[in-house]
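Asker: See my_file-v5.tsv below, with TSV, C-alpha atoms.
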```tsv
chain	number	residue	atom	x	y	z
R	23	MET	CA	199.82	6.50	195.69
R	24	ARG	CA	201.35	8.70	198.36
R	25	ARG	CA	198.81	10.16	200.73
R	26	ALA	CA	198.58	13.88	201.47
R	27	ILE	CA	200.24	15.02	204.70
R	28	PRO	CA	198.02	17.16	206.97
R	29	ILE	CA	199.18	20.77	206.91
R	30	SER	CA	199.39	20.84	210.71
R	31	GLU	CA	202.27	18.33	210.53
R	32	TYR	CA	204.50	21.05	209.10
R	33	VAL	CA	204.05	23.37	212.07
R	34	PRO	CA	204.34	21.29	215.26
R	35	LYS	CA	204.73	23.05	218.58
R	36	THR	CA	208.34	21.98	218.80
R	37	PHE	CA	210.01	22.28	215.42
R	38	GLY	CA	213.45	20.95	214.59
R	39	LYS	CA	215.53	19.05	212.07
R	40	ILE	CA	214.25	15.64	213.16
R	41	GLU	CA	210.68	16.62	212.28
R	42	LEU	CA	211.77	18.14	208.96
R	43	LYS	CA	213.52	14.94	207.91
R	44	LYS	CA	210.29	12.99	208.38
R	45	LEU	CA	208.32	15.22	206.01
R	46	SER	CA	208.09	15.62	202.25
R	47	VAL	CA	206.53	18.12	199.85
R	48	PHE	CA	204.90	17.64	196.47
R	49	LYS	CA	206.64	19.78	193.82
R	50	LEU	CA	205.18	20.60	190.40
R	51	ASP	CA	207.36	22.48	187.90
R	52	ALA	CA	205.84	23.85	184.70
R	53	THR	CA	207.47	25.71	181.78
R	54	PRO	CA	205.19	27.55	179.33
R	55	GLN	CA	205.61	27.04	175.60
R	56	SER	CA	204.15	30.45	174.79
R	57	SER	CA	203.66	33.95	176.22
R	58	PRO	CA	201.77	35.46	177.99
R	59	ILE	CA	200.49	33.27	180.81
R	60	ASP	CA	196.77	33.68	181.53
R	61	LEU	CA	195.58	33.33	185.12
R	62	ASN	CA	192.02	32.45	186.07
R	63	VAL	CA	191.73	34.71	189.11
R	64	ALA	CA	188.09	33.73	189.67
R	65	ALA	CA	189.17	30.10	190.13
R	66	LEU	CA	191.25	31.15	193.15
R	67	CYS	CA	188.07	32.12	194.98
R	68	GLU	CA	185.35	29.88	193.58
R	69	GLU	CA	185.92	26.72	195.66
R	70	SER	CA	186.69	28.06	199.12
R	71	GLY	CA	186.70	31.83	198.88
R	72	TRP	CA	189.63	34.11	199.64
R	73	SER	CA	190.75	34.31	203.27
R	74	LEU	CA	193.30	36.27	205.30
R	75	SER	CA	195.68	33.34	204.83
R	76	ASP	CA	195.72	33.65	201.05
R	77	ARG	CA	198.14	35.78	199.05
R	78	LEU	CA	198.56	37.08	195.50
R	79	ARG	CA	201.74	39.16	195.41
R	80	PHE	CA	204.01	40.63	192.75
R	81	TRP	CA	207.60	41.18	193.83
R	82	HIS	CA	208.90	44.11	191.79
R	83	THR	CA	212.15	46.05	191.69
R	84	LEU	CA	212.55	49.07	193.94
R	85	ASN	CA	215.24	51.61	193.07
R	86	GLY	CA	216.61	49.11	190.62
R	87	GLU	CA	216.82	46.32	193.18
R	88	SER	CA	214.54	43.41	193.96
R	89	PRO	CA	213.92	41.77	197.37
R	90	LEU	CA	214.02	38.46	195.49
R	91	PRO	CA	216.45	37.17	192.83
R	92	GLY	CA	214.39	38.51	189.92
R	93	ALA	CA	210.93	40.03	189.99
R	94	ARG	CA	208.24	37.39	190.30
R	95	MET	CA	204.69	36.66	191.40
R	96	THR	CA	203.68	34.43	194.31
R	97	ILE	CA	200.34	32.85	195.13
R	98	ARG	CA	199.49	31.15	198.43
R	99	LYS	CA	196.16	29.37	198.91
R	100	LEU	CA	195.07	27.57	202.06
R	101	GLU	CA	192.36	24.90	201.76
R	102	LEU	CA	191.64	24.42	205.44
R	103	ASP	CA	188.83	21.89	204.96
R	104	GLU	CA	191.24	19.65	203.06
R	105	GLN	CA	194.17	20.41	205.38
R	106	ALA	CA	196.16	21.47	202.32
R	107	LEU	CA	198.28	24.45	201.27
R	108	VAL	CA	199.50	25.52	197.83
R	109	HIS	CA	202.50	27.84	197.45
R	110	CYS	CA	203.14	28.89	193.86
R	111	HIS	CA	205.69	31.27	192.39
R	112	VAL	CA	206.10	32.40	188.78
R	113	GLU	CA	209.55	33.49	187.60
R	114	PRO	CA	210.21	36.35	185.13
R	115	ASP	CA	210.81	33.78	182.36
R	116	GLY	CA	207.38	32.25	182.95
R	117	LYS	CA	208.54	29.11	184.73
R	118	LEU	CA	206.40	28.30	187.72
R	119	ARG	CA	206.76	26.01	190.72
R	120	ILE	CA	203.98	24.75	192.94
R	121	LEU	CA	204.67	23.29	196.38
R	122	SER	CA	201.99	21.51	198.36
R	123	ASN	CA	201.39	18.83	200.97
R	124	SER	CA	198.78	17.30	198.63
R	125	LYS	CA	199.38	16.09	195.07
R	126	GLU	CA	195.66	16.27	194.29
R	127	VAL	CA	195.26	19.85	195.52
R	128	ALA	CA	198.41	20.99	193.68
R	129	ALA	CA	197.23	19.44	190.40
R	130	ARG	CA	193.75	20.94	190.80
R	131	PHE	CA	195.25	24.36	191.51
R	132	PHE	CA	197.40	24.25	188.36
R	133	ASN	CA	194.55	23.01	186.17
R	134	SER	CA	192.03	25.59	187.39
R	135	VAL	CA	194.31	28.65	187.56
R	136	PHE	CA	196.65	28.17	184.59
R	137	LEU	CA	194.62	26.11	182.10
R	138	GLY	CA	191.55	26.93	180.06
R	139	SER	CA	191.48	30.69	180.69
R	140	PRO	CA	190.48	33.18	177.98
R	141	PRO	CA	191.61	34.42	175.58
R	142	ALA	CA	194.21	31.73	174.75
R	143	PHE	CA	192.59	28.79	176.60
R	144	HIS	CA	195.93	27.06	177.16
R	145	SER	CA	195.93	23.29	177.74
R	146	ARG	CA	198.48	20.93	179.24
R	147	LYS	CA	200.17	20.52	175.86
R	148	ASP	CA	201.16	24.19	176.07
R	149	TRP	CA	203.27	23.43	179.14
R	150	LYS	CA	206.20	21.19	179.95
R	151	ILE	CA	205.27	19.70	183.31
R	152	THR	CA	207.21	17.58	185.79
R	153	SER	CA	206.20	16.62	189.31
R	154	VAL	CA	207.67	14.65	192.20
R	155	TRP	CA	207.58	14.31	195.99
R	156	VAL	CA	210.76	15.76	197.52
R	157	SER	CA	212.15	15.59	201.04
R	158	ASP	CA	215.23	17.83	200.97
R	159	GLU	CA	215.34	20.01	204.05
R	160	THR	CA	215.61	23.29	202.14
R	161	THR	CA	212.34	22.76	200.25
R	162	VAL	CA	210.52	21.29	203.25
R	163	ALA	CA	211.68	24.12	205.52
R	164	PHE	CA	210.55	26.74	202.99
R	165	PHE	CA	207.13	25.13	202.69
R	166	ALA	CA	206.87	24.76	206.46
R	167	GLY	CA	207.50	28.48	206.84
R	168	SER	CA	204.75	29.25	204.35
R	169	ALA	CA	202.41	26.86	206.17
R	170	ALA	CA	203.13	28.51	209.51
R	171	GLY	CA	202.39	31.91	208.02
R	172	ALA	CA	199.12	30.75	206.47
R	173	LEU	CA	197.86	29.02	209.60
R	174	GLY	CA	198.85	32.00	211.70
R	175	TRP	CA	196.32	34.14	209.85
R	176	GLY	CA	193.52	31.58	209.89
R	177	PRO	CA	190.82	30.96	208.94
R	178	LYS	CA	190.23	29.09	212.18
R	179	VAL	CA	186.63	28.09	211.57
R	180	PRO	CA	185.97	25.28	209.03
R	181	HIS	CA	183.85	26.35	206.07
R	182	GLU	CA	180.99	23.99	206.92
R	183	ILE	CA	180.48	25.75	210.25
R	184	GLU	CA	181.02	29.21	208.80
R	185	ASP	CA	178.55	28.59	205.98
R	186	SER	CA	175.90	27.28	208.40
R	187	MET	CA	176.26	30.38	210.56
R	188	LYS	CA	175.90	32.62	207.51
R	189	GLU	CA	172.73	30.77	206.56
R	190	ALA	CA	171.46	31.15	210.13
R	191	PHE	CA	172.04	34.90	210.00
R	192	ARG	CA	170.24	35.11	206.66
R	193	GLY	CA	167.33	33.36	208.34
R	194	ILE	CA	167.17	36.19	210.88
R	195	GLU	CA	167.38	38.82	208.14
R	196	LYS	CA	164.49	37.16	206.27
R	197	ARG	CA	162.53	36.60	209.50
R	198	ASN	CA	162.66	32.85	208.89
R	199	TRP	CA	163.11	31.92	212.54
R	200	LYS	CA	162.83	28.17	212.00
R	201	SER	CA	165.54	28.18	209.33
R	202	CYS	CA	167.88	30.10	211.65
R	203	VAL	CA	167.39	27.59	214.47
R	204	VAL	CA	167.94	24.60	212.16
R	205	MET	CA	171.17	26.07	210.77
R	206	CYS	CA	172.46	26.89	214.26
R	207	ARG	CA	171.97	23.29	215.28
R	208	ARG	CA	173.74	22.14	212.12
R	209	ALA	CA	176.69	24.41	212.90
R	210	LEU	CA	176.78	23.10	216.47
R	211	GLN	CA	176.75	19.49	215.23
R	212	ALA	CA	179.71	20.19	212.93
R	213	LEU	CA	181.62	21.99	215.69
R	214	MET	CA	181.19	19.18	218.19
R	215	GLU	CA	182.25	16.60	215.60
R	216	VAL	CA	185.43	18.62	215.00
R	217	ALA	CA	185.99	18.84	218.76
R	218	TYR	CA	185.39	15.10	219.20
R	219	GLU	CA	187.92	14.17	216.51
R	220	LYS	CA	190.48	16.58	217.97
R	221	GLN	CA	190.00	15.22	221.49
R	222	PHE	CA	189.71	11.48	220.80
R	223	GLY	CA	191.66	11.15	217.55
R	224	VAL	CA	188.78	9.55	215.62
R	225	LYS	CA	185.58	10.75	213.99
R	226	PRO	CA	182.42	10.07	216.02
R	227	GLY	CA	180.81	6.77	215.03
R	228	LYS	CA	177.49	6.58	213.21
R	229	GLY	CA	175.69	5.62	216.41
R	230	LEU	CA	176.98	8.65	218.29
R	231	ASP	CA	174.62	11.61	217.89
R	232	LEU	CA	175.07	15.17	219.11
R	233	ASN	CA	173.68	14.32	222.53
R	234	GLY	CA	176.15	11.46	222.86
R	235	ILE	CA	179.07	13.67	221.82
R	236	ILE	CA	178.19	16.28	224.44
R	237	ARG	CA	177.82	13.57	227.11
R	238	SER	CA	181.26	12.21	226.11
R	239	PHE	CA	182.84	15.57	226.90
R	240	GLU	CA	180.97	15.87	230.20
R	241	LYS	CA	182.66	12.67	231.43
R	242	LEU	CA	186.21	13.99	230.89
R	243	VAL	CA	188.25	15.24	233.84
R	244	PRO	CA	189.49	17.91	233.55
R	245	PRO	CA	186.94	19.03	230.96
R	246	PRO	CA	188.60	20.21	227.71
R	247	ILE	CA	185.45	22.24	227.01
R	248	PRO	CA	184.25	24.19	230.09
R	249	ARG	CA	180.96	22.95	231.52
R	250	HIS	CA	179.10	26.21	230.92
R	251	TRP	CA	179.84	25.96	227.19
R	252	LEU	CA	178.61	22.36	227.14
R	253	ASN	CA	175.39	23.57	228.80
R	254	ILE	CA	175.00	26.21	226.09
R	255	ALA	CA	175.61	23.55	223.43
R	256	ASP	CA	172.94	21.39	225.06
R	257	ALA	CA	170.47	24.27	225.02
R	258	VAL	CA	171.02	24.85	221.29
R	259	ARG	CA	170.75	21.10	220.69
R	260	ASN	CA	167.38	20.96	222.44
R	261	ILE	CA	165.85	23.94	220.70
R	262	GLY	CA	167.25	22.73	217.38
R	263	ASN	CA	165.76	19.29	217.85
R	264	VAL	CA	162.23	20.65	217.59
R	265	PRO	CA	162.35	21.62	213.88
R	266	GLY	CA	165.62	19.92	213.00
R	267	ALA	CA	167.13	16.54	212.37
R	268	HIS	CA	165.36	14.87	215.32
R	269	PRO	CA	161.94	16.56	215.45
R	270	ARG	CA	160.08	16.73	218.72
R	271	PRO	CA	156.86	18.57	217.80
R	272	ILE	CA	155.33	20.87	220.37
R	273	ALA	CA	151.61	21.37	219.85
R	274	ASN	CA	150.71	24.86	218.63
R	275	TYR	CA	154.29	26.11	219.09
R	276	ARG	CA	155.63	28.56	216.52
R	277	PHE	CA	159.23	29.69	216.52
R	278	SER	CA	159.73	33.35	217.25
R	279	LYS	CA	162.43	35.94	216.84
R	280	GLY	CA	163.46	35.25	220.44
R	281	ASP	CA	164.10	31.57	219.66
R	282	ALA	CA	166.19	32.44	216.63
R	283	THR	CA	168.25	35.19	218.25
R	284	LEU	CA	168.86	33.02	221.32
R	285	ALA	CA	170.04	30.10	219.17
R	286	TYR	CA	172.18	32.36	216.99
R	287	SER	CA	173.83	34.32	219.80
R	288	ASN	CA	174.61	31.18	221.80
R	289	THR	CA	175.96	29.28	218.80
R	290	SER	CA	178.06	32.14	217.44
R	291	SER	CA	179.50	32.76	220.92
R	292	PHE	CA	180.35	29.07	221.31
R	293	VAL	CA	181.99	28.97	217.87
R	294	SER	CA	184.13	32.00	218.70
R	295	ALA	CA	185.06	30.67	222.14
R	296	TYR	CA	186.00	27.22	220.83
R	297	PHE	CA	188.22	28.28	217.93
R	298	GLU	CA	189.75	31.34	219.63
R	299	LYS	CA	190.19	30.19	223.25
R	300	ILE	CA	189.39	26.53	223.84
R	301	ALA	CA	191.14	24.92	220.87
R	302	PRO	CA	192.99	27.69	218.96
```
When written as structure tokens, how does the structure in this file appear?

Answerer:
Amino acid sequence: MRRAIPISEYVPKTFGKIELKKLSVFKLDATPQSSPIDLNVAALCEESGWSLSDRLRFWHTLNGESPLPGARMTIRKLELDEQALVHCHVEPDGKLRILSNSKEVAARFFNSVFLGSPPAFHSRKDWKITSVWVSDETTVAFFAGSAAGALGWGPKVPHEIEDSMKEAFRGIEKRNWKSCVVMCRRALQALMEVAYEKQFGVKPGKGLDLNGIIRSFEKLVPPPIPRHWLNIADAVRNIGNVPGAHPRPIANYRFSKGDATLAYSNTSSFVSAYFEKIAP
């Protein structure tokens, strides 16, 4: 089974024909056996939401002319956590084509968006489907352009970190200061694991905890993460250790609004700095 190609491979810093020739794209073509086609719009958002990178567009005629050869609809969906992109277009005759760097993500997209939707509840037998990996430069270049456009809009922050920060903020809103601190530490752990893999090319081993990851970055010269940000990460790690994954109870200590807002402001600032400035 051919493995998915990370989406970042399609938009290297230096892009040319040599790189294109080394890449391939999974192509799924489907022809409907009936009309109309039902789309499950909710399925587009259920798994990973709808970000600035995603598109649902209908290309119509304007003054009798169309910007494309025939009016059609296009859908682009970026699954950043899976490093995968889906680019789908539907022609006026109902034929659709899905391009992706992942066979699994492309198949899941087709099944969830075009199958089983009311009122017709179409199944695979209602479509004629073919699929194959292709490596012709025209298709790869088209997909690479779509990938560059999607990554240019973001999202930059992985969903695990984003979700933890949302939970932390909800903790502040509900005056659950302990919950906020725990979620900030969780977000920090996820961020530093992302940074470690980006810097060293491997995921941190099971024996390497958050403290060890931070110490690993402190040893690097020049430091890829500025020292003051590592100090902030260490502060969040320490306060998060009290109620979190590695408890260090403090007698008669109760977390306050100050603890929560300090953890949240430091963590959110670090997240923004890392994904916008340090490792955009």

Asker: So how many Å separate CA of Ser168 in chain R and CA of Leu107 in chain R, to one decimal?

Answerer: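 Here the two named atoms are 8.6 Å from each other.
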
Asker: List the residues sitting within 6 Å of (187.6, 27.0, 205.3) in the file's frame, using all atoms listed in the file, as a ChimeraX atom specification.

Answerer: /R:102-103,180-181

Asker: Here's a test: counting only C-alpha atoms, identify every protein, DNA and RNA residue with an atom at most 12 Å from (182.1, 17.6, 217.8) in the file's coordinate frame, and state them as a PDB file with C-alpha atoms, in the frame of the given file.

Answerer:
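Saved result, point.pdb, follows:
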```pdb
ATOM      1  CA  ILE R 183     180.480  25.750 210.250  1.00  0.00           C
ATOM      2  CA  ARG R 207     171.970  23.290 215.280  1.00  0.00           C
ATOM      3  CA  ARG R 208     173.740  22.140 212.120  1.00  0.00           C
ATOM      4  CA  ALA R 209     176.690  24.410 212.900  1.00  0.00           C
ATOM      5  CA  LEU R 210     176.780  23.100 216.470  1.00  0.00           C
ATOM      6  CA  GLN R 211     176.750  19.490 215.230  1.00  0.00           C
ATOM      7  CA  ALA R 212     179.710  20.190 212.930  1.00  0.00           C
ATOM      8  CA  LEU R 213     181.620  21.990 215.690  1.00  0.00           C
ATOM      9  CA  MET R 214     181.190  19.180 218.190  1.00  0.00           C
ATOM     10  CA  GLU R 215     182.250  16.600 215.600  1.00  0.00           C
ATOM     11  CA  VAL R 216     185.430  18.620 215.000  1.00  0.00           C
ATOM     12  CA  ALA R 217     185.990  18.840 218.760  1.00  0.00           C
ATOM     13  CA  TYR R 218     185.390  15.100 219.200  1.00  0.00           C
ATOM     14  CA  GLU R 219     187.920  14.170 216.510  1.00  0.00           C
ATOM     15  CA  LYS R 220     190.480  16.580 217.970  1.00  0.00           C
ATOM     16  CA  GLN R 221     190.000  15.220 221.490  1.00  0.00           C
ATOM     17  CA  PHE R 222     189.710  11.480 220.800  1.00  0.00           C
ATOM     18  CA  GLY R 223     191.660  11.150 217.550  1.00  0.00           C
ATOM     19  CA  VAL R 224     188.780   9.550 215.620  1.00  0.00           C
ATOM     20  CA  LYS R 225     185.580  10.750 213.990  1.00  0.00           C
ATOM     21  CA  PRO R 226     182.420  10.070 216.020  1.00  0.00           C
ATOM     22  CA  GLY R 227     180.810   6.770 215.030  1.00  0.00           C
ATOM     23  CA  LEU R 230     176.980   8.650 218.290  1.00  0.00           C
ATOM     24  CA  ASP R 231     174.620  11.610 217.890  1.00  0.00           C
ATOM     25  CA  LEU R 232     175.070  15.170 219.110  1.00  0.00           C
ATOM     26  CA  ASN R 233     173.680  14.320 222.530  1.00  0.00           C
ATOM     27  CA  GLY R 234     176.150  11.460 222.860  1.00  0.00           C
ATOM     28  CA  ILE R 235     179.070  13.670 221.820  1.00  0.00           C
ATOM     29  CA  ILE R 236     178.190  16.280 224.440  1.00  0.00           C
ATOM     30  CA  ARG R 237     177.820  13.570 227.110  1.00  0.00           C
ATOM     31  CA  SER R 238     181.260  12.210 226.110  1.00  0.00           C
ATOM     32  CA  PHE R 239     182.840  15.570 226.900  1.00  0.00           C
ATOM     33  CA  ILE R 247     185.450  22.240 227.010  1.00  0.00           C
ATOM     34  CA  LEU R 252     178.610  22.360 227.140  1.00  0.00           C
ATOM     35  CA  ALA R 255     175.610  23.550 223.430  1.00  0.00           C
ATOM     36  CA  VAL R 293     181.990  28.970 217.870  1.00  0.00           C
ATOM     37  CA  TYR R 296     186.000  27.220 220.830  1.00  0.00           C
TER      38      TYR R 296
END
```

Asker: Just checking: using all atoms listed in the file, which residue out of R:Leu284, R:Met205, R:Val108, R:Ile59 ends up closest to Ser145 in chain R?

Answerer: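 Among the listed residues, the smallest separation from Ser145 in chain R belongs to R:Ile59.
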
Asker: Do you know which residues are at most 8 Å from Met187 in chain R counting all atoms listed in the file, after dropping those on the same chain fewer than 2 positions away, and could you put them as a list in words?

Answerer: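 Contacts, with the query itself left out: Ile183, Glu184, Asp185, Glu189, Ala190, Phe191, Met205, Cys206, Ala209, Tyr286 and Ser290 of chain R.
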
Asker: Select, from R:Cys110, R:Ile29, R:Ala52, R:Ile151, the residue with the minimum atom-to-atom distance to Ser124 in chain R, counting all atoms listed in the file.

Answerer: R:Ile29

Asker: Quick one, how far is CA of His250 in chain R from CA of Lys228 in chain R?

Answerer: 26.5 Å

Asker: Which of these residues is nearest to Val179 in chain R, using all atoms listed in the file: R:Ser134, R:Ser294, R:Ser278, R:Thr161?

Answerer: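 With all atoms listed in the file as the atom set, the closest residue is R:Ser294.
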
Asker: Would you mind reading off the distance between CA of Gly167 in chain R and CA of Val33 in chain R, one decimal, in Å?

Answerer: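 Here the two named atoms are 8.1 Å from each other.
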
Asker: Please identify all polymer residues within 10 Å of Val156 in chain R, counting only C-alpha atoms, omitting same-chain residues fewer than 5 positions from it, and present them as a list in words.

Answerer: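 Residues near the query, excluding close chain neighbours: Leu45, Ser46, Val47, Phe48, Lys49, Leu121, Thr161 and Val162 of chain R.
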
Asker: Give the centre and edge lengths of an axis-aligned box, in Å to one decimal, that holds all listed atoms of range 151-160 of chain R with 8 Å on each side, as JSON.

Answerer:
```
{"center_x": 210.4, "center_y": 18.8, "center_z": 193.7, "size_x": 26.3, "size_y": 25.0, "size_z": 36.7}
```

Asker: Using all atoms listed in the file, pick whichever of R:Gln55, R:Ser73, R:Gln105, R:Asn288 has the shortest atom-to-atom distance to Asn253 in chain R.

Answerer: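 Between R:Gln55, R:Ser73, R:Gln105, R:Asn288, the residue approaching Asn253 in chain R most closely is R:Asn288.
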
Asker: Env of Pro58 in chain R: 12 Å cut, atoms = only C-alpha atoms, seq-sep filter 5 positions within chain, self excluded. Answer as JSON, numbers by chain.

Answerer: {"R": [53, 114, 115, 116, 117, 136, 139, 140, 141, 142, 143, 144, 148]}

Asker: Let me make sure I understand: among R:Ala65, R:Ala166, R:Ala295, R:Met95, which one has the smallest atom-to-atom distance to Phe131 in chain R if we use all atoms listed in the file?

Answerer: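 Smallest separation from Phe131 in chain R among the options: R:Ala65.
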
Asker: Using all atoms listed in the file, which of R:Gly171, R:Pro245, R:Gly86, R:Gly138 sits nearest Leu61 in chain R?

Answerer: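 The answer is R:Gly138, which sits nearest to Leu61 in chain R.
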
Asker: Name the residues in contact with Leu66 in chain R at a cut-off of 10 Å, using all atoms listed in the file, excluding same-chain residues fewer than 6 positions from it; report them as number ranges by chain.

Answerer: R: 72, 76, 78, 97-99, 131, 134-135

Asker: When you look at Ile254 in chain R with a cut-off of 10 Å (counting all atoms listed in the file), what residues show up, excluding the ones that are within fewer than 6 positions of it in the same chain? I need them as a ChimeraX atom specification.

Answerer: /R:260,285,288-289,291-292
